[in-house]
file protein35.cif (mmCIF, C-alpha atoms)
data_coords
#
loop_
_atom_site.group_PDB
_atom_site.id
_atom_site.type_symbol
_atom_site.label_atom_id
_atom_site.label_comp_id
_atom_site.auth_asym_id
_atom_site.auth_seq_id
_atom_site.Cartn_x
_atom_site.Cartn_y
_atom_site.Cartn_z
ATOM 1 C CA ALA A 546 116.778 97.217 85.301
ATOM 2 C CA THR A 547 115.889 100.798 86.111
ATOM 3 C CA PHE A 548 117.948 102.830 88.593
ATOM 4 C CA PHE A 549 116.090 105.797 90.053
ATOM 5 C CA ILE A 550 118.445 108.655 90.918
ATOM 6 C CA ASN A 551 118.196 111.518 93.413
ATOM 7 C CA SER A 552 120.573 113.861 91.600
ATOM 8 C CA ASP A 553 121.533 116.034 94.585
ATOM 9 C CA LEU A 554 122.575 112.872 96.455
ATOM 10 C CA VAL A 555 125.103 111.757 93.822
ATOM 11 C CA GLY A 556 128.766 112.633 94.072
ATOM 12 C CA ASP A 557 131.310 113.400 96.769
ATOM 13 C CA GLY A 558 130.661 111.369 99.900
ATOM 14 C CA ALA A 559 127.605 109.689 98.374
ATOM 15 C CA LEU A 560 127.125 105.996 97.790
ATOM 16 C CA ILE A 561 127.207 106.534 94.021
ATOM 17 C CA SER A 562 129.115 108.895 91.744
ATOM 18 C CA TRP A 563 128.146 110.372 88.386
ATOM 19 C CA ALA A 564 130.833 108.151 86.853
ATOM 20 C CA ASP A 565 128.996 105.164 88.350
ATOM 21 C CA VAL A 566 125.670 106.405 86.968
ATOM 22 C CA ARG A 567 127.212 106.837 83.512
ATOM 23 C CA THR A 568 128.703 103.342 83.714
ATOM 24 C CA ILE A 569 125.336 101.860 84.671
ATOM 25 C CA ALA A 570 123.623 103.699 81.805
ATOM 26 C CA GLY A 571 126.381 102.678 79.391
ATOM 27 C CA ALA A 572 125.828 99.050 80.345
ATOM 28 C CA GLY A 573 122.272 99.312 79.030
ATOM 29 C CA MET A 574 120.458 99.984 82.286
ATOM 30 C CA GLU A 575 117.688 102.568 82.371
ATOM 31 C CA ILE A 576 118.152 105.658 84.543
ATOM 32 C CA GLY A 577 115.058 107.324 85.972
ATOM 33 C CA GLY A 578 114.327 110.391 88.060
ATOM 34 C CA HIS A 579 113.425 110.239 91.742
ATOM 35 C CA SER A 580 113.570 113.959 92.741
ATOM 36 C CA LYS A 581 116.678 115.907 93.643
ATOM 37 C CA THR A 582 116.661 115.168 97.389
ATOM 38 C CA HIS A 583 114.026 112.441 97.961
ATOM 39 C CA ALA A 584 111.605 115.028 99.310
ATOM 40 C CA HIS A 585 107.952 114.563 100.295
ATOM 41 C CA LEU A 586 106.682 116.126 97.057
ATOM 42 C CA PRO A 587 102.984 116.727 97.855
ATOM 43 C CA VAL A 588 103.804 119.062 100.749
ATOM 44 C CA LEU A 589 106.255 121.267 98.859
ATOM 45 C CA PRO A 590 105.373 124.742 97.583
ATOM 46 C CA ASP A 591 104.981 124.914 93.791
ATOM 47 C CA THR A 592 108.453 126.337 93.108
ATOM 48 C CA ALA A 593 110.229 123.758 95.278
ATOM 49 C CA LEU A 594 108.160 120.934 93.779
ATOM 50 C CA ALA A 595 109.100 121.990 90.266
ATOM 51 C CA ASP A 596 112.784 122.252 91.234
ATOM 52 C CA GLU A 597 112.752 118.762 92.758
ATOM 53 C CA VAL A 598 111.208 117.173 89.665
ATOM 54 C CA VAL A 599 112.339 119.300 86.723
ATOM 55 C CA GLY A 600 115.751 120.031 88.234
ATOM 56 C CA ASP A 601 116.389 116.348 88.897
ATOM 57 C CA LYS A 602 115.550 115.449 85.288
ATOM 58 C CA ALA A 603 117.801 118.220 83.957
ATOM 59 C CA ASN A 604 120.702 117.179 86.215
ATOM 60 C CA ILE A 605 120.484 113.521 85.219
ATOM 61 C CA GLU A 606 120.148 114.270 81.527
ATOM 62 C CA HIS A 607 123.101 116.666 81.684
ATOM 63 C CA GLU A 608 125.315 114.168 83.514
ATOM 64 C CA THR A 609 124.403 111.124 81.406
ATOM 65 C CA GLY A 610 123.827 112.744 78.030
ATOM 66 C CA ARG A 611 120.597 110.738 77.762
ATOM 67 C CA MET A 612 116.951 111.688 77.898
ATOM 68 C CA ILE A 613 115.108 110.072 80.797
ATOM 69 C CA THR A 614 111.388 109.311 80.681
ATOM 70 C CA VAL A 615 110.668 107.323 83.860
ATOM 71 C CA PHE A 616 110.055 108.827 87.311
ATOM 72 C CA ALA A 617 109.553 107.122 90.674
ATOM 73 C CA TYR A 618 107.668 109.033 93.363
ATOM 74 C CA PRO A 619 109.632 109.272 96.624
ATOM 75 C CA PHE A 620 107.763 107.473 99.407
ATOM 76 C CA GLN A 621 105.156 106.568 96.723
ATOM 77 C CA GLU A 622 103.495 109.914 97.526
ATOM 78 C CA ARG A 623 101.618 111.571 94.699
ATOM 79 C CA ASP A 624 98.596 113.716 94.028
ATOM 80 C CA THR A 625 97.152 115.578 91.058
ATOM 81 C CA ARG A 626 99.564 118.502 91.556
ATOM 82 C CA THR A 627 102.658 116.277 91.595
ATOM 83 C CA ASP A 628 101.304 114.319 88.610
ATOM 84 C CA ALA A 629 100.943 117.581 86.661
ATOM 85 C CA VAL A 630 104.526 118.633 87.405
ATOM 86 C CA VAL A 631 105.931 115.196 86.568
ATOM 87 C CA HIS A 632 103.969 115.076 83.310
ATOM 88 C CA GLY A 633 104.947 118.666 82.476
ATOM 89 C CA ALA A 634 108.620 117.792 83.000
ATOM 90 C CA GLY A 635 108.345 115.328 80.129
ATOM 91 C CA TYR A 636 108.134 112.047 81.973
ATOM 92 C CA THR A 637 106.001 109.502 80.146
ATOM 93 C CA THR A 638 106.025 106.681 82.703
ATOM 94 C CA VAL A 639 105.939 106.768 86.474
ATOM 95 C CA ARG A 640 106.520 104.233 89.210
ATOM 96 C CA ASP A 641 104.371 104.382 92.302
ATOM 97 C CA GLY A 642 103.016 101.861 94.790
ATOM 98 C CA ASN A 643 100.833 100.350 92.083
ATOM 99 C CA GLY A 644 103.647 99.600 89.649
ATOM 100 C CA TYR A 645 104.392 101.386 86.393
ATOM 101 C CA ARG A 646 101.835 103.776 84.981
ATOM 102 C CA SER A 647 102.272 105.219 81.540
ATOM 103 C CA ALA A 648 101.360 108.751 80.538
ATOM 104 C CA VAL A 649 101.627 109.539 84.256
ATOM 105 C CA MET A 650 98.009 108.757 85.131
ATOM 106 C CA LYS A 651 96.900 106.048 82.716
ATOM 107 C CA ASN A 652 97.901 102.430 83.056
ATOM 108 C CA SER A 653 98.732 101.063 79.602
ATOM 109 C CA PHE A 654 100.445 97.711 79.241
ATOM 110 C CA ASP A 655 101.559 98.541 75.683
ATOM 111 C CA THR A 656 103.266 101.749 76.827
ATOM 112 C CA PHE A 657 104.828 99.875 79.735
ATOM 113 C CA LEU A 658 106.274 97.279 77.365
ATOM 114 C CA ALA A 659 107.605 100.003 75.080
ATOM 115 C CA ALA A 660 109.337 101.644 78.059
ATOM 116 C CA ILE A 661 111.304 98.568 79.030
#
call {"tool": "encode", "arguments": {"input": "protein35.cif", "output": "structure tokens"}}
result
Amino acid sequence: ATFFINSDLVGDGALISWADVRTIAGAGMEIGGHSKTHAHLPVLPDTALADEVVGDKANIEHETGRMITVFAYPFQERDTRTDAVVHGAGYTTVRDGNGYRSAVMKNSFDTFLAAI
């Protein structure tokens, strides 16, 4: 299974802690990015968009000690600008309303299988 994490929503008073996330990852589950705050990404200014995507990836990787490569778009909202930021952050597979798409914009079954 893949658990998509909003890194700013983990911790004190949240439904999940970083210890929980590490336990899930340690049990063999995949952890993916989902933006820092579950924002509507296409409407954000460039700097805020980059912080939501790149910052989320950095937070999760720091807390888990693992590289993450899968991203799920909040609200399934994406456009060419968000795709470019997600791809630039180093994500290789994304989840949107149409399922998993490898290399951010290309649907490749072989890459999908390699990601799971």
call {"tool": "closest_residue", "arguments": {"input": "protein35.cif", "among": "A:Val588, A:Ile576, A:Leu594, A:Ala634", "to": "Arg611 (chain A)", "atoms": "all atoms listed in the file"}}
result
A:Ile576
call {"tool": "residues_around", "arguments": {"input": "protein35.cif", "residues": "Leu554 (chain A)", "least_positions_apart": "3", "cutoff": "10 Å", "atoms": "only C-alpha atoms", "output": "PyMOL selection string"}}
result
chain A and resi 550-551+557-562+580-583
call {"tool": "closest_residue", "arguments": {"input": "protein35.cif", "among": "A:Val630, A:Tyr636, A:Glu622, A:His579", "to": "Asp601 (chain A)", "atoms": "all atoms listed in the file"}}
result
A:His579
call {"tool": "residues_around", "arguments": {"input": "protein35.cif", "residues": "Gly577 (chain A)", "least_positions_apart": "2", "cutoff": "7 Å", "atoms": "all atoms listed in the file", "output": "JSON, numbers by chain"}}
result
{"A": [547, 548, 549, 550, 575, 579, 613, 614, 615, 616]}
call {"tool": "closest_residue", "arguments": {"input": "protein35.cif", "among": "A:Gly578, A:Val631, A:Asp591, A:Asn604", "to": "Ala617 (chain A)", "atoms": "only C-alpha atoms"}}
result
A:Gly578
call {"tool": "atom_distance", "arguments": {"input": "protein35.cif", "atom1": "CA of Thr568 (chain A)", "atom2": "CA of Ala595 (chain A)"}}
result
27.8 Å
call {"tool": "closest_residue", "arguments": {"input": "protein35.cif", "among": "A:Val598, A:Arg623, A:Thr592, A:His607", "to": "Gly635 (chain A)", "atoms": "only C-alpha atoms"}}
result
A:Val598
call {"tool": "closest_residue", "arguments": {"input": "protein35.cif", "among": "A:Ala546, A:Ile569, A:Ala593, A:Val555", "to": "Thr627 (chain A)", "atoms": "all atoms listed in the file"}}
result
A:Ala593
call {"tool": "atom_distance", "arguments": {"input": "protein35.cif", "atom1": "CA of Glu606 (chain A)", "atom2": "CA of His585 (chain A)"}}
result
22.4 Å
